[in-house]
Amino acid sequence: MQHWLRCAKIAGAAAVVISALQGGVPPASSQEAYRAPRTADGKPNLSGVWQALNTANWDIQTHAARPGLVAAGAPGAVPAGIGVVEGDEIPYLPQALAKKKENFESRLTADPEIKCYLPGVPRATYQPYPFQIVQTPKAIMMAYEFAGATRTIHLEKSPSNPVDSWMGHSIGRFEGETLVVDVTGLQEDTWFDRAGNHHSDALRVVERYTARSPDALNYEATITDPKVFSRPWKISMPLYRRLEKNAQVLEFKCVEFVEELMYGHLRKQPAK
Amino acid sequence: MNHRILTSIGLVSVLAMLTPLPTAAQSNTNVPAATNVAAAAALPRTPDGKPDLQGVWDFKTITPMERPRELGTKEFFTAEEAAAWERDENKRQNRDLIDPRAGGLNYVPGGVVPYNEFWYERGDKAVGTRRTSLIIDPPDGRFPPLTAEGQKRSEARTIYDRNNQIGRPLANSWEDRPLQERCIMGLNAGPPMTPGAYNNNFQLFQTPEQVVIHTEMVHDARIVPMDGRPFLSIPQWKGESRGHWEGDTLVIETKNYKRETSLRGSSASTHLIERFTRVDADTLNYQFTVTDPTMWSKSWTAVVPMKRSDEPMYEYACHEGNHALSGVLAGARADEKKAAEEAAKKGTN
């Protein structure tokens, strides 16, 4: 693992430079230069309403624009985007790669996002909806607009969950300027994106949140899942503060928007 | 704590009967002022000097929202009375002891008792103050008189509930099913939070800028701005909340509900004031006042003394595990099909 991490770091460094040139995450040196404001207990204060501004939710890898849900016209199409995966390659095991391709083919019906299911980690971070970090000394609340998903980041000891869950079990700690969150107990039914990138119940995600300026965070997530990937891999992206006056996370309780899709065939016909 | 929404028929009535919230007193009567002052001085505070209300709080109790009529003007039980009442009430509420043919609780004879006792985690104790109801105002411990419209709504609800227990539940579409069966809103998550069948807990997060009320029921994080910002006045399922401090009490005002709340028969015009006061290390007094002029002729107030919990909260992925809703709808369609086939058979004979 250590060895792997080192290799990934070297490979990652190159990718970081490239993506910096493309307007992505800047080189590490500029991250280190910024010192975030502190909370009363002396930790970097990451509270705020944040949002990714990229196309990772459509496809975490580099992709050209392509058709999506045809009936929805232009809004249903997929915007082009620069990948957020370091090296732009996801190290699938052969069977898992076949499953990814299968998912891709059926993505317009099989993506769990379509059913308003809890998005899991890391996807919740880069869906095109804001999320809010509320930071307290013992626990951090991350509340996502999509589906009203929530996670509690435990900064104190917290026994792991007895069963896997959609949003997992998160243990956090601060390493200097960085909030490191170790996420386990994730079940297998979420995807990374609308392109069918997937994982198993052996998924472990280690996230790193670091303020890079007053209004932006660097977000990194290292993905480990030996049932699906041949080695750990990493995604990274900036997250932007929502600067609107009175910015806040509103309700997007999408269940009511998917009931026709999920239960329409069970409606009384003719309806009366 | 982590139960899925089960099936159906009767969930509504379950809710209705479920139980109630407790009480303790706060600005009103029961805690001597001196105790409050001493206890308050010893309470933990956040760096900005506010009482630290953070942690997981448990609001399960068997004390009913409304005082049972037979108790008349009796506001408090003695210790012995409370113990006897708990014993009787726990027996009365025990779903495993209800014969569906005979009915019981709110279950009509010949109907269905959809959840057995296994699924409940409603608490088996009366509130610590030994109040006989969670409602403290009106002083009779009961909801105020209904308005004419409230009366109509209440009657419609009674019929709906009864039809869901016997005969064929109304399920032409999911929209005929209550919000909690659709996993849009929780049974007890509110606002206001009221003790119910299970998931009677929430975690409070507190910073100078906002407070978060995170309920386990349907994983809802209500983020309450404390900075005096105006209401957006857009309808939200759980309304829009704004908070401020009045001395050592956290006060949250909520309005702009999208439609009815989890309270019986209340409407989108509900206006809610919640008051959270930590009275000692292990007790958070939760007092709330509900005003809905379309439903009740005046405001009413209830108090639930919540207990500090060391238990973790779990993820309640209700919609993701909601097999009940498709089951209810499919069952209704199967019934119709069967009825149509039988009618056709009769026709041919």
# chains A, B, ... in the order shown; residues from 1 in each chain; ligands from 1
$ select_by_dssp --residues "range 118-204 of chain A" --states "alpha helix (DSSP H)" --output "ChimeraX atom specification"
/A:123-126
$ interface_residues --of "chain B" --to "chain A" --cutoff "6 Å" --atoms "only C-alpha atoms" --output "ChimeraX atom specification"
/B:172-173,320,329-330
$ residues_around --residues "range 89-96 of chain A" --least-positions-apart "2" --cutoff "10 Å" --atoms "only C-alpha atoms" --output "list in words"
Ile60, Gln61, Thr62, Gly83, Val84, Val85, Glu86, Gly87, Ala98, Lys99, Lys100, Lys101, Glu102, Asn197, His198, His199, Ser200, Ile223, Asp225, Pro226, Lys227, Val228, Phe229, Ser230, Arg231, Pro232, Trp233, Lys234 and Ile235 of chain A
$ atom_distance --atom1 "CA of Phe257 in chain A" --atom2 "CA of Ile184 in chain B"
10.6 Å
$ closest_residue --among "B:Gln206, B:Asn106, B:Thr129, B:Asn94" --to "Pro51 in chain B" --atoms "only C-alpha atoms"
B:Gln206
$ residues_around --residues "range 86-88 of chain B" --least-positions-apart "2" --cutoff "8 Å" --atoms "only C-alpha atoms" --output "count of residues only"
10
$ atom_distance --atom1 "CA of Ala148 in chain B" --atom2 "CA of Lys258 in chain B"
22.1 Å
$ residues_around --residues "Arg241 in chain A" --least-positions-apart "2" --cutoff "12 Å" --atoms "only C-alpha atoms" --output "PyMOL selection string"
chain A and resi 46-53+130-133+211-218+238-239+243-245+247-248
$ residues_around --residues "range 274-287 of chain B" --least-positions-apart "6" --cutoff "6 Å" --atoms "only C-alpha atoms" --output "PyMOL selection string"
chain B and resi 39+249-252+302-308
$ write_last_selection --atoms "C-alpha atoms" --output "CSV table (one decimal), in the first residue's frame"
chain,number,residue,atom,x,y,z
B,39,ALA,CA,-28.0,23.5,36.6
B,249,THR,CA,-32.8,28.9,24.9
B,250,LEU,CA,-32.4,28.1,21.3
B,251,VAL,CA,-35.5,29.3,19.5
B,252,ILE,CA,-36.4,28.1,15.9
B,302,ALA,CA,-46.3,20.6,23.9
B,303,VAL,CA,-43.1,19.7,25.8
B,304,VAL,CA,-40.9,16.7,25.2
B,305,PRO,CA,-38.0,16.2,27.6
B,306,MET,CA,-35.3,14.6,25.5
B,307,LYS,CA,-32.6,12.4,26.9
B,308,ARG,CA,-28.9,12.4,26.0
$ select_by_dssp --residues "range 32-149 of chain A" --states "strand (DSSP E)" --output "number ranges by chain"
A: 48-52, 131-135, 139-144
$ write_last_selection --atoms "C-alpha atoms" --output "mmCIF file, in the first residue's frame"
data_model
loop_
_atom_site.group_PDB
_atom_site.id
_atom_site.type_symbol
_atom_site.label_atom_id
_atom_site.label_comp_id
_atom_site.auth_asym_id
_atom_site.auth_seq_id
_atom_site.Cartn_x
_atom_site.Cartn_y
_atom_site.Cartn_z
ATOM 1 C CA GLY A 48 -19.631 26.603 4.064
ATOM 2 C CA VAL A 49 -21.758 25.761 1.065
ATOM 3 C CA TRP A 50 -19.607 24.101 -1.607
ATOM 4 C CA GLN A 51 -20.082 22.740 -5.078
ATOM 5 C CA ALA A 52 -18.005 21.076 -7.763
ATOM 6 C CA PHE A 131 -23.565 20.601 -0.224
ATOM 7 C CA GLN A 132 -22.885 22.169 3.126
ATOM 8 C CA ILE A 133 -20.143 21.459 5.634
ATOM 9 C CA VAL A 134 -21.033 22.310 9.232
ATOM 10 C CA GLN A 135 -17.937 21.805 11.319
ATOM 11 C CA ALA A 139 -18.382 15.874 14.472
ATOM 12 C CA ILE A 140 -18.829 17.394 11.049
ATOM 13 C CA MET A 141 -22.130 17.343 9.212
ATOM 14 C CA MET A 142 -22.025 17.103 5.446
ATOM 15 C CA ALA A 143 -25.492 17.729 4.071
ATOM 16 C CA TYR A 144 -26.037 17.297 0.338
#
$ closest_residue --among "B:Trp237, B:Arg131, B:Arg69, B:Val112" --to "Glu81 in chain B" --atoms "only C-alpha atoms"
B:Arg131
$ residues_around --residues "Arg173 in chain A" --least-positions-apart "6" --cutoff "10 Å" --atoms "only C-alpha atoms" --output "PyMOL selection string"
chain A and resi 153-156+179-182+208
$ closest_residue --among "B:Arg182, B:Arg264, B:Lys255, B:Arg168" --to "Asp335 in chain B" --atoms "only C-alpha atoms"
B:Arg168
